[in-house]
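Visitor: Next up is a structure, given as structure tokens.
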Amino acid sequence: MLVSLISAFLVLALLVGCAPKGTSDGEKKPDNGSNEGEEEKKDESINIDTDGDGVADINIDTDGDGIPDINVDTNGDKVADIDIDTDRDGKSDINIDADKDGLPDVNVDTDGDLIADVNIDTDTDGTADINLDTDGDKLPDLDIDTDRDGTPDVNVDSDADRTPDINIDTDGDLIADVNIDTDSDGGSDINVDTNGDLKADVNIDTEGDGKADVNVDTDGDLAADINIDTDSDGTPDINIDTDGDGNADINLDTDGDKKPDLAIDSDGDGIADVNLDTDTDGVADINLDTDGDLKADLEIDSDGDGTADVNIDTNGDKKPDLNIDTSGDGKADINIDIDTDGRAEINVDTDGDLKADINIDTDGDGKIDAGIDYNLDGYFDTVKQDGVKYVAITIDDGPYTTLQKKFVDEMAKYNGHATFYVVGNRVGKTAGNGLVYAVEHGWEIGIHAWTHDYYYSSCTDEKYVEEISKTAAVIEKYLPGYKIRTMRPPGGMIKNERAAASEYAVVLWDVDSNDWKYVGRGDSVREKNIETIVNNVMKSVKNGSIVLMHELYSNSYEAYCEILRRLDEQGYEFVTVSELLASKYQSGKKFWSGR
């Protein structure tokens, strides 16, 4: 390009220099003979000496003011190498020296203020490498130096506010590596440095509020690894770090409430492992961790109340292997564990009373094997299974705190349950807590009497009502809401009309251990007494039997332990009275057995 310019100027100069003054047709004629024979005068507006060298080498004064407007010296070298004064002010507006080198390699002053508005030196190198001042404020609006390197590497000030709106240096590295201010507010709206690494690695501020709405760093790692603020509220609505690990590993806030509606970390492990808040209330409705294991392994809150309605853990094992809360009361109505084994094996509470209405265990074996509470009163109406023998052990006259818990714990070895018939005035705080313990282990509590001194066949109506109601009240004190289904009159004696009018089933027995007769503990009789009690039971027990024993005596407890062992060997299952009676249960009716 520079060669072309120079050639053009030479042709122009030669054409001008070859045309003599004072002729109109190109012939050399005297001017009316007035100066005939005198030498023609030189045109002082053009000087050319290429290259004699009496200097010049093209100077052209286009306006005849005696000052050259175009200077060309390629290359004598008395310097110039093209200077052009476009506004005839006596100062060069265009300087080109490619490259002789007396330095400028194109400087252009477009506004005649004696300061170059365009500087280009690619690259001969007296520096520049393109500076452009579009508004004459004496500051470059475009700096480009790729990469000679006298620095910039692209700065663009699109609004001439003296703050670059675009900075690019990939990678000189005198830093930048792309900063773009899209709204010309002096703050970068797009920052990219992949990867110099003087940070950024993509920050985008879509609305020009000075806060990045998109942050990406994969992976410098000065963190981020994608943060996106879709609503420009200053809090990321999408966080992804897989896996830098400055954490996150996907958090998505769809409603801008600053709480993740989807959190996934599989498995960084900054935890989560999928949490989904379907109603965007700030509480996860689905929690999945397979298997980090910081628990869950699928929890679903279907009604958005903050309590899981479905819990599945197959098999982490932090336990439930399917719990379902169909009523949203925070308590599982369906429990299934087949069989990983934290027990259950299907429990269904159809009426939300927190007692299973269906219990099935085939065959875990935590026992049961089909129990259904048809009338939803908290007791199974059927627990029986063909080919299985059942027996109900009943323990009267307690609570006796020394032995009460021992009876329960011994039965637990066989995954069975039994029934306490309690004397009300013996239920103090410690014994009352013992009743709670028994119920928690599946035992049944029934009414015996308040004092045991009055038999229901002979006492007054008032005394009978007092004995029953006071005993029921003390049971209710320690077991609020517990439904008492059965009672046993002391000695088994009760008027028929009282029994028929009772709100409870009247439970008697078909096997009497007579343990109360064999309480002696002397060395010579103890073992014999225990064996007698055991034999009294074993000789009479049948499938469906109700066995009478008492809680007060050490001999009774030791005989009870042996009775359980022998009955278990014979294949008996131990159940409460209500479980044994099952669908036969009826208030006001006397029962001697479950047959």
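Naming scheme: A, B, ... for chains in displayed order of the structure tokens; residues 1 onward per chain; ligands 1 onward as shown.
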Write out as a PyMOL selection string each polymer residue whose atoms come within 7 Å of range 439-454 of chain A, counting only C-alpha atoms; drop sequence neighbours fewer than 6 positions from it.
Guide: chain A and resi 417-425+467-468+470-472+484-490+576
Visitor: Limited to N, CA and C atoms, could you put the picked residues into a file as a CSV table (one decimal), in the first residue's frame?
Guide:
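Written out: result00.csv:
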```csv
chain,number,residue,atom,x,y,z
A,417,HIS,N,-45.7,-62.1,72.7
A,417,HIS,CA,-46.4,-61.1,73.6
A,417,HIS,C,-47.2,-61.9,74.6
A,418,ALA,N,-47.6,-61.2,75.7
A,418,ALA,CA,-48.4,-61.8,76.7
A,418,ALA,C,-49.3,-60.7,77.3
A,419,THR,N,-50.0,-61.0,78.4
A,419,THR,CA,-51.0,-60.0,78.9
A,419,THR,C,-50.8,-59.9,80.4
A,420,PHE,N,-50.7,-58.6,80.9
A,420,PHE,CA,-50.7,-58.3,82.4
A,420,PHE,C,-52.1,-58.0,82.8
A,421,TYR,N,-52.6,-58.5,83.9
A,421,TYR,CA,-53.8,-58.1,84.5
A,421,TYR,C,-53.4,-57.4,85.8
A,422,VAL,N,-53.6,-56.1,85.9
A,422,VAL,CA,-53.0,-55.3,87.0
A,422,VAL,C,-54.0,-54.9,88.1
A,423,VAL,N,-53.4,-54.8,89.3
A,423,VAL,CA,-54.1,-54.3,90.5
A,423,VAL,C,-53.8,-52.8,90.6
A,424,GLY,N,-54.8,-52.0,90.5
A,424,GLY,CA,-54.7,-50.6,90.4
A,424,GLY,C,-53.9,-49.9,91.4
A,425,ASN,N,-54.1,-50.3,92.7
A,425,ASN,CA,-53.4,-49.6,93.8
A,425,ASN,C,-51.9,-49.9,93.9
A,467,GLU,N,-63.9,-50.3,91.8
A,467,GLU,CA,-62.8,-51.1,91.5
A,467,GLU,C,-62.4,-51.0,90.0
A,468,ILE,N,-63.4,-51.1,89.1
A,468,ILE,CA,-63.1,-51.1,87.7
A,468,ILE,C,-62.6,-49.7,87.2
A,470,LYS,N,-61.4,-47.0,88.9
A,470,LYS,CA,-60.2,-46.5,89.4
A,470,LYS,C,-59.0,-47.2,88.7
A,471,THR,N,-59.2,-48.5,88.5
A,471,THR,CA,-58.1,-49.2,87.8
A,471,THR,C,-57.9,-48.8,86.4
A,472,ALA,N,-59.0,-48.6,85.7
A,472,ALA,CA,-58.9,-48.1,84.3
A,472,ALA,C,-58.3,-46.7,84.3
A,484,ILE,N,-58.4,-50.3,76.6
A,484,ILE,CA,-58.5,-51.6,77.4
A,484,ILE,C,-59.6,-52.4,76.9
A,485,ARG,N,-59.3,-53.7,76.5
A,485,ARG,CA,-60.3,-54.5,75.9
A,485,ARG,C,-60.8,-55.6,76.9
A,486,THR,N,-60.0,-56.0,77.8
A,486,THR,CA,-60.4,-57.2,78.7
A,486,THR,C,-60.2,-56.9,80.1
A,487,MET,N,-60.9,-57.7,81.0
A,487,MET,CA,-60.7,-57.6,82.4
A,487,MET,C,-60.8,-59.1,83.0
A,488,ARG,N,-60.2,-59.2,84.1
A,488,ARG,CA,-60.3,-60.6,84.8
A,488,ARG,C,-60.6,-60.3,86.2
A,489,PRO,N,-61.8,-60.9,86.7
A,489,PRO,CA,-62.2,-60.7,88.1
A,489,PRO,C,-61.3,-61.5,89.0
A,490,PRO,N,-60.9,-61.0,90.2
A,490,PRO,CA,-60.1,-61.7,91.1
A,490,PRO,C,-60.7,-63.1,91.4
A,576,THR,N,-51.1,-62.2,72.8
A,576,THR,CA,-51.9,-61.6,73.8
A,576,THR,C,-53.3,-62.3,73.8
```
Visitor: Name the residues of range 493-552 of chain A that come out as helix (DSSP H, G or I) in a backbone DSSP run; write them as a compact mmCIF listing (two decimals) with C-alpha atoms, in the first residue's frame.
Guide:
```txt
# COMPACT_ATOMS: atom_id res chain seq x y z
CA ASN A 496 -73.20 -63.30 85.31
CA GLU A 497 -75.28 -60.15 84.93
CA ARG A 498 -72.20 -57.99 85.73
CA ALA A 499 -70.14 -59.90 83.21
CA ALA A 500 -72.84 -59.56 80.54
CA ALA A 501 -73.09 -55.78 81.15
CA ASP A 515 -48.01 -71.06 90.98
CA TRP A 516 -49.33 -69.12 93.99
CA LYS A 517 -49.45 -72.43 95.91
CA ARG A 526 -37.40 -74.68 95.40
CA GLU A 527 -36.54 -76.78 92.34
CA LYS A 528 -39.42 -79.16 93.07
CA ASN A 529 -41.88 -76.25 93.31
CA ILE A 530 -40.68 -74.77 90.01
CA GLU A 531 -40.98 -78.12 88.26
CA THR A 532 -44.49 -78.60 89.68
CA ILE A 533 -45.61 -75.25 88.27
CA VAL A 534 -44.09 -76.13 84.85
CA ASN A 535 -45.78 -79.53 84.82
CA ASN A 536 -49.15 -78.00 85.79
CA VAL A 537 -49.01 -76.01 82.58
CA MET A 538 -47.42 -78.51 80.21
```
Visitor: Output as an mmCIF file with N, CA, C and O atoms, in the first residue's frame all residues of range 389-538 of chain A that backbone DSSP marks as strand (DSSP E).
Guide:
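Output saved as part39.cif:
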```
data_model
loop_
_atom_site.group_PDB
_atom_site.id
_atom_site.type_symbol
_atom_site.label_atom_id
_atom_site.label_comp_id
_atom_site.auth_asym_id
_atom_site.auth_seq_id
_atom_site.Cartn_x
_atom_site.Cartn_y
_atom_site.Cartn_z
ATOM 1 N N LYS A 389 -49.632 -73.327 66.291
ATOM 2 C CA LYS A 389 -50.289 -73.411 67.602
ATOM 3 C C LYS A 389 -50.057 -72.104 68.364
ATOM 4 O O LYS A 389 -48.949 -71.567 68.364
ATOM 5 N N TYR A 390 -51.150 -71.619 68.996
ATOM 6 C CA TYR A 390 -51.083 -70.356 69.723
ATOM 7 C C TYR A 390 -51.459 -70.572 71.177
ATOM 8 O O TYR A 390 -52.343 -71.363 71.488
ATOM 9 N N VAL A 391 -50.792 -69.787 72.058
ATOM 10 C CA VAL A 391 -51.105 -69.828 73.477
ATOM 11 C C VAL A 391 -50.997 -68.418 74.034
ATOM 12 O O VAL A 391 -50.119 -67.656 73.634
ATOM 13 N N ALA A 392 -51.923 -68.059 74.958
ATOM 14 C CA ALA A 392 -51.889 -66.753 75.612
ATOM 15 C C ALA A 392 -51.489 -66.935 77.069
ATOM 16 O O ALA A 392 -52.231 -67.544 77.847
ATOM 17 N N ILE A 393 -50.288 -66.434 77.415
ATOM 18 C CA ILE A 393 -49.843 -66.448 78.812
ATOM 19 C C ILE A 393 -50.379 -65.182 79.464
ATOM 20 O O ILE A 393 -50.205 -64.074 78.930
ATOM 21 N N THR A 394 -51.033 -65.310 80.637
ATOM 22 C CA THR A 394 -51.544 -64.153 81.362
ATOM 23 C C THR A 394 -50.887 -64.093 82.729
ATOM 24 O O THR A 394 -50.755 -65.125 83.415
ATOM 25 N N ILE A 395 -50.480 -62.872 83.145
ATOM 26 C CA ILE A 395 -49.748 -62.674 84.402
ATOM 27 C C ILE A 395 -50.581 -61.748 85.278
ATOM 28 O O ILE A 395 -50.766 -60.573 84.951
ATOM 29 N N ASP A 396 -51.073 -62.245 86.424
ATOM 30 C CA ASP A 396 -51.961 -61.485 87.308
ATOM 31 C C ASP A 396 -51.218 -60.859 88.484
ATOM 32 O O ASP A 396 -50.088 -61.232 88.806
ATOM 33 N N ASP A 397 -51.909 -59.893 89.116
ATOM 34 C CA ASP A 397 -51.616 -59.358 90.450
ATOM 35 C C ASP A 397 -50.453 -58.357 90.499
ATOM 36 O O ASP A 397 -50.095 -57.896 91.589
ATOM 37 N N GLY A 398 -49.871 -58.002 89.398
ATOM 38 C CA GLY A 398 -48.829 -56.969 89.405
ATOM 39 C C GLY A 398 -49.489 -55.592 89.325
ATOM 40 O O GLY A 398 -50.702 -55.477 89.494
ATOM 41 N N THR A 419 -50.044 -60.985 78.398
ATOM 42 C CA THR A 419 -51.005 -60.023 78.942
ATOM 43 C C THR A 419 -50.813 -59.886 80.438
ATOM 44 O O THR A 419 -50.741 -60.900 81.157
ATOM 45 N N PHE A 420 -50.692 -58.624 80.928
ATOM 46 C CA PHE A 420 -50.687 -58.334 82.358
ATOM 47 C C PHE A 420 -52.102 -57.952 82.779
ATOM 48 O O PHE A 420 -52.731 -57.083 82.145
ATOM 49 N N TYR A 421 -52.608 -58.535 83.875
ATOM 50 C CA TYR A 421 -53.840 -58.074 84.535
ATOM 51 C C TYR A 421 -53.422 -57.401 85.832
ATOM 52 O O TYR A 421 -52.892 -58.043 86.738
ATOM 53 N N VAL A 422 -53.646 -56.075 85.908
ATOM 54 C CA VAL A 422 -53.016 -55.290 86.964
ATOM 55 C C VAL A 422 -53.973 -54.947 88.094
ATOM 56 O O VAL A 422 -55.185 -54.770 87.882
ATOM 57 N N VAL A 423 -53.384 -54.817 89.289
ATOM 58 C CA VAL A 423 -54.081 -54.338 90.479
ATOM 59 C C VAL A 423 -53.786 -52.844 90.576
ATOM 60 O O VAL A 423 -52.618 -52.443 90.704
ATOM 61 N N GLU A 444 -50.267 -56.743 76.179
ATOM 62 C CA GLU A 444 -51.596 -56.186 76.438
ATOM 63 C C GLU A 444 -51.754 -55.954 77.939
ATOM 64 O O GLU A 444 -51.236 -56.725 78.758
ATOM 65 N N ILE A 445 -52.475 -54.876 78.295
ATOM 66 C CA ILE A 445 -52.768 -54.573 79.698
ATOM 67 C C ILE A 445 -54.281 -54.691 79.903
ATOM 68 O O ILE A 445 -55.069 -54.099 79.154
ATOM 69 N N GLY A 446 -54.676 -55.464 80.918
ATOM 70 C CA GLY A 446 -56.082 -55.616 81.262
ATOM 71 C C GLY A 446 -56.324 -55.255 82.718
ATOM 72 O O GLY A 446 -55.396 -55.155 83.525
ATOM 73 N N ILE A 447 -57.615 -55.090 83.090
ATOM 74 C CA ILE A 447 -58.004 -54.719 84.462
ATOM 75 C C ILE A 447 -58.179 -55.982 85.304
ATOM 76 O O ILE A 447 -58.857 -56.927 84.892
ATOM 77 N N HIS A 448 -57.580 -55.965 86.506
ATOM 78 C CA HIS A 448 -57.820 -57.043 87.472
ATOM 79 C C HIS A 448 -58.741 -56.486 88.569
ATOM 80 O O HIS A 448 -59.912 -56.872 88.640
ATOM 81 N N ALA A 449 -58.239 -55.562 89.380
ATOM 82 C CA ALA A 449 -59.043 -54.940 90.451
ATOM 83 C C ALA A 449 -58.270 -53.752 90.988
ATOM 84 O O ALA A 449 -57.108 -53.559 90.621
ATOM 85 N N THR A 486 -59.991 -56.036 77.848
ATOM 86 C CA THR A 486 -60.365 -57.202 78.665
ATOM 87 C C THR A 486 -60.183 -56.913 80.149
ATOM 88 O O THR A 486 -59.414 -56.037 80.537
ATOM 89 N N MET A 487 -60.921 -57.664 80.976
ATOM 90 C CA MET A 487 -60.741 -57.630 82.428
ATOM 91 C C MET A 487 -60.803 -59.060 82.957
ATOM 92 O O MET A 487 -61.334 -59.958 82.293
ATOM 93 N N ALA A 505 -64.411 -57.635 77.564
ATOM 94 C CA ALA A 505 -64.538 -59.101 77.576
ATOM 95 C C ALA A 505 -64.006 -59.606 78.911
ATOM 96 O O ALA A 505 -63.015 -59.088 79.431
ATOM 97 N N VAL A 506 -64.664 -60.618 79.486
ATOM 98 C CA VAL A 506 -64.255 -61.203 80.775
ATOM 99 C C VAL A 506 -63.412 -62.431 80.465
ATOM 100 O O VAL A 506 -63.915 -63.430 79.932
ATOM 101 N N VAL A 507 -62.129 -62.353 80.805
ATOM 102 C CA VAL A 507 -61.185 -63.410 80.424
ATOM 103 C C VAL A 507 -60.863 -64.258 81.647
ATOM 104 O O VAL A 507 -60.327 -63.760 82.652
ATOM 105 N N VAL A 511 -55.992 -73.171 81.644
ATOM 106 C CA VAL A 511 -54.788 -73.805 82.218
ATOM 107 C C VAL A 511 -54.363 -72.970 83.422
ATOM 108 O O VAL A 511 -54.013 -71.804 83.278
ATOM 109 N N ASP A 512 -54.397 -73.611 84.598
ATOM 110 C CA ASP A 512 -54.011 -72.923 85.834
ATOM 111 C C ASP A 512 -52.684 -73.485 86.304
ATOM 112 O O ASP A 512 -52.559 -74.681 86.594
#
```
Visitor: Between CA of Glu579 in chain A and CA of Ile334 in chain A, what distance in Å does the model show, to one decimal?
Guide: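 Separation between CA of Glu579 in chain A and CA of Ile334 in chain A: 20.4 Å.
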Visitor: Could you check how far CA of Ile94 in chain A sits from CA of Ala116 in chain A, in Å to one decimal?
Guide: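 If I compute the distance from CA of Ile94 in chain A to CA of Ala116 in chain A, I get 8.4 Å.
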Visitor: Please compute the CA of Leu139 in chain A-CA of Val72 in chain A distance, one decimal, in Å.
Guide: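 Computing the Euclidean distance for CA of Leu139 in chain A and CA of Val72 in chain A yields 28.9 Å.
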Visitor: Using only C-alpha atoms, find the one residue out of A:Ile190, A:Ile546, A:Ile58, A:Ile166 that sits nearest to Asp141 in chain A.
Guide: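 Checking each candidate against Asp141 in chain A, we get A:Ile166 as the closest.
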Visitor: Would you mind listing what lies within 12 Å of Arg566 in chain A as a PyMOL selection string, with only C-alpha atoms counted and same-chain residues fewer than 3 positions away left out?
Guide: chain A and resi 414+534-535+537-539+541+559-563+569-573
